[in-house]
Amino acid sequence: EEYLDKLVDYAMIKIYAVATVKETSQTWSEEDDFAVEKPALYLSVNGPTQVGLHFGLEITFTNPLNKYLTRCKLTIEGPGLTRPITVAIRDIQPKETITHVESLVPRKPGPRNVVVVFQSLELVDVVGSKQIEVFG
């Protein structure tokens with residue numbers, strides 16, 4: 001939370017350092033960047049995963065910040081499971097855990113990956129994924 005307003009793209013922090021040695025007047029400079037760890041997005045399956053039958057994809061997320069998350073949405077993609085969909089969800093209170101269940105109907109059998117991305121004005125690109133075996 002302390003660094004949230006200082007992050008650049010992809011939740012990265014960029015650091016620049018410049019130093020001068022008094023005795024030699026030599027100057028050294030370096031830059032480095034690193035990613036801030038984002039919170040987890042947990043995915044689980046409710047019900048059998050069979051072609052043509054509904055099952056529930058349960059998405060659980062905990063707001064790690066001491067502020068409300070506003071204009072929240074989930075984008076769900078899973079080739080063979082669902083077309084890309086975006087679902088608006090309510091604002092999330094500080095430190096609150098929410099669970100959203102989305103009903104999906106698989107179209108193809110076999111191993112399928114589903115990816116869910118959480119976005120809000122205050123916190124972006126929180127990603128969770130899960131491999132699901134779909135039976136024919």
# chains A, B, ... in the order shown; residues from 1 in each chain; ligands from 1
>>> residues_around(residues="range 62-71 of chain A", least_positions_apart="4", cutoff="7 Å", atoms="only C-alpha atoms", output="CSV table (one decimal) with all heavy atoms, in the first residue's frame")
chain,number,residue,atom,x,y,z
A,1,GLU,N,0.8,-1.2,0.0
A,1,GLU,CA,0.0,0.0,0.0
A,1,GLU,C,0.9,1.3,0.0
A,1,GLU,O,0.6,2.2,-0.7
A,1,GLU,CB,-0.9,0.0,1.2
A,1,GLU,CG,-1.9,1.1,1.2
A,1,GLU,CD,-2.9,0.9,2.4
A,1,GLU,OE1,-3.1,-0.2,2.9
A,1,GLU,OE2,-3.5,1.9,2.7
A,39,PRO,N,-1.5,-9.6,-4.6
A,39,PRO,CA,-2.3,-10.6,-3.8
A,39,PRO,C,-2.7,-11.8,-4.7
A,39,PRO,O,-2.7,-11.7,-6.0
A,39,PRO,CB,-3.5,-9.8,-3.3
A,39,PRO,CG,-3.6,-8.7,-4.3
A,39,PRO,CD,-2.2,-8.4,-4.8
A,91,ASP,N,-17.9,-2.9,-4.9
A,91,ASP,CA,-16.7,-2.3,-4.3
A,91,ASP,C,-16.4,-3.3,-3.1
A,91,ASP,O,-17.2,-3.9,-2.5
A,91,ASP,CB,-17.0,-0.9,-3.7
A,91,ASP,CG,-17.2,0.1,-4.8
A,91,ASP,OD1,-17.0,-0.2,-6.0
A,91,ASP,OD2,-17.5,1.2,-4.5
A,92,ILE,N,-15.1,-3.4,-2.9
A,92,ILE,CA,-14.6,-4.3,-1.8
A,92,ILE,C,-14.0,-3.5,-0.7
A,92,ILE,O,-13.1,-2.6,-0.9
A,92,ILE,CB,-13.5,-5.2,-2.4
A,92,ILE,CG1,-14.1,-6.0,-3.6
A,92,ILE,CG2,-13.0,-6.2,-1.4
A,92,ILE,CD1,-13.1,-6.8,-4.4
A,93,GLN,N,-14.4,-3.8,0.5
A,93,GLN,CA,-14.0,-3.0,1.7
A,93,GLN,C,-12.5,-3.4,2.0
A,93,GLN,O,-12.0,-4.4,1.6
A,93,GLN,CB,-14.8,-3.4,2.9
A,93,GLN,CG,-16.3,-3.0,2.8
A,93,GLN,CD,-17.1,-3.4,4.0
A,93,GLN,OE1,-16.6,-3.5,5.1
A,93,GLN,NE2,-18.3,-3.8,3.8
A,94,PRO,N,-11.9,-2.5,2.8
A,94,PRO,CA,-10.5,-2.8,3.2
A,94,PRO,C,-10.4,-4.2,3.9
A,94,PRO,O,-11.2,-4.5,4.8
A,94,PRO,CB,-10.1,-1.7,4.2
A,94,PRO,CG,-11.1,-0.6,3.8
A,94,PRO,CD,-12.3,-1.2,3.3
A,95,LYS,N,-9.4,-5.0,3.5
A,95,LYS,CA,-9.1,-6.3,4.1
A,95,LYS,C,-10.2,-7.3,3.9
A,95,LYS,O,-10.2,-8.4,4.5
A,95,LYS,CB,-8.7,-6.2,5.6
A,95,LYS,CG,-7.6,-5.2,5.8
A,95,LYS,CD,-6.3,-5.7,5.2
A,95,LYS,CE,-5.2,-4.7,5.6
A,95,LYS,NZ,-3.9,-5.0,5.1
A,96,GLU,N,-11.3,-7.0,3.2
A,96,GLU,CA,-12.4,-7.9,3.0
A,96,GLU,C,-12.1,-9.0,2.0
A,96,GLU,O,-11.4,-8.8,1.0
A,96,GLU,CB,-13.6,-7.1,2.5
A,96,GLU,CG,-14.8,-8.0,2.2
A,96,GLU,CD,-16.0,-7.3,1.6
A,96,GLU,OE1,-15.8,-6.1,1.1
A,96,GLU,OE2,-17.1,-7.8,1.6
A,97,THR,N,-12.6,-10.2,2.2
A,97,THR,CA,-12.5,-11.3,1.3
A,97,THR,C,-13.9,-11.5,0.6
A,97,THR,O,-14.9,-11.5,1.3
A,97,THR,CB,-12.1,-12.6,2.0
A,97,THR,OG1,-10.9,-12.5,2.7
A,97,THR,CG2,-12.1,-13.8,1.1
A,98,ILE,N,-13.8,-11.6,-0.7
A,98,ILE,CA,-15.1,-11.8,-1.5
A,98,ILE,C,-14.9,-13.1,-2.3
A,98,ILE,O,-13.8,-13.5,-2.6
A,98,ILE,CB,-15.4,-10.6,-2.4
A,98,ILE,CG1,-14.2,-10.4,-3.4
A,98,ILE,CG2,-15.6,-9.3,-1.6
A,98,ILE,CD1,-14.7,-10.4,-4.8
A,120,SER,N,-9.4,-3.1,-10.6
A,120,SER,CA,-10.1,-2.0,-9.9
A,120,SER,C,-9.4,-0.7,-10.2
A,120,SER,O,-8.3,-0.8,-10.8
A,120,SER,CB,-10.2,-2.3,-8.4
A,120,SER,OG,-9.0,-2.1,-7.8
A,121,LEU,N,-9.9,0.4,-9.8
A,121,LEU,CA,-9.2,1.7,-9.9
A,121,LEU,C,-7.9,1.7,-9.1
A,121,LEU,O,-6.9,2.2,-9.5
A,121,LEU,CB,-10.0,2.9,-9.6
A,121,LEU,CG,-11.2,3.2,-10.5
A,121,LEU,CD1,-11.9,4.4,-10.0
A,121,LEU,CD2,-10.6,3.5,-11.9
A,122,GLU,N,-7.9,1.0,-8.0
A,122,GLU,CA,-6.8,1.1,-7.0
A,122,GLU,C,-5.8,0.0,-7.2
A,122,GLU,O,-4.7,0.1,-6.8
A,122,GLU,CB,-7.3,1.1,-5.6
A,122,GLU,CG,-8.2,2.2,-5.2
A,122,GLU,CD,-9.7,2.1,-5.8
A,122,GLU,OE1,-10.1,1.0,-6.3
A,122,GLU,OE2,-10.3,3.2,-5.8
>>> closest_atom_pairs(of="range 3-64 of chain A", to="range 76-90 of chain A", cutoff="10 Å", atoms="only C-alpha atoms", output="Markdown table")
| residue | atom | partner | partner_atom | distance |
| --- | --- | --- | --- | --- |
| A:Thr49 | CA | A:Leu81 | CA | 9.6 |
| A:Val51 | CA | A:Leu81 | CA | 8.7 |
| A:Gly52 | CA | A:Leu81 | CA | 9.8 |
| A:Leu57 | CA | A:Ile76 | CA | 9.8 |
>>> select_by_dssp(residues="chain A", states="strand (DSSP E or B)", output="VMD selection string")
chain A and resid 8 12 to 20 27 to 35 41 to 46 50 55 to 62 69 72 to 78 82 to 89 92 97 to 104 110 to 119 126 to 135
>>> atom_distance(atom1="CA of Thr75 in chain A", atom2="CA of Val116 in chain A")
5.5 Å
>>> residues_around(residues="Ser44 in chain A", least_positions_apart="5", cutoff="9 Å", atoms="only C-alpha atoms", output="count of residues only")
6
>>> atom_distance(atom1="CA of Ile132 in chain A", atom2="CA of Asn113 in chain A")
6.0 Å
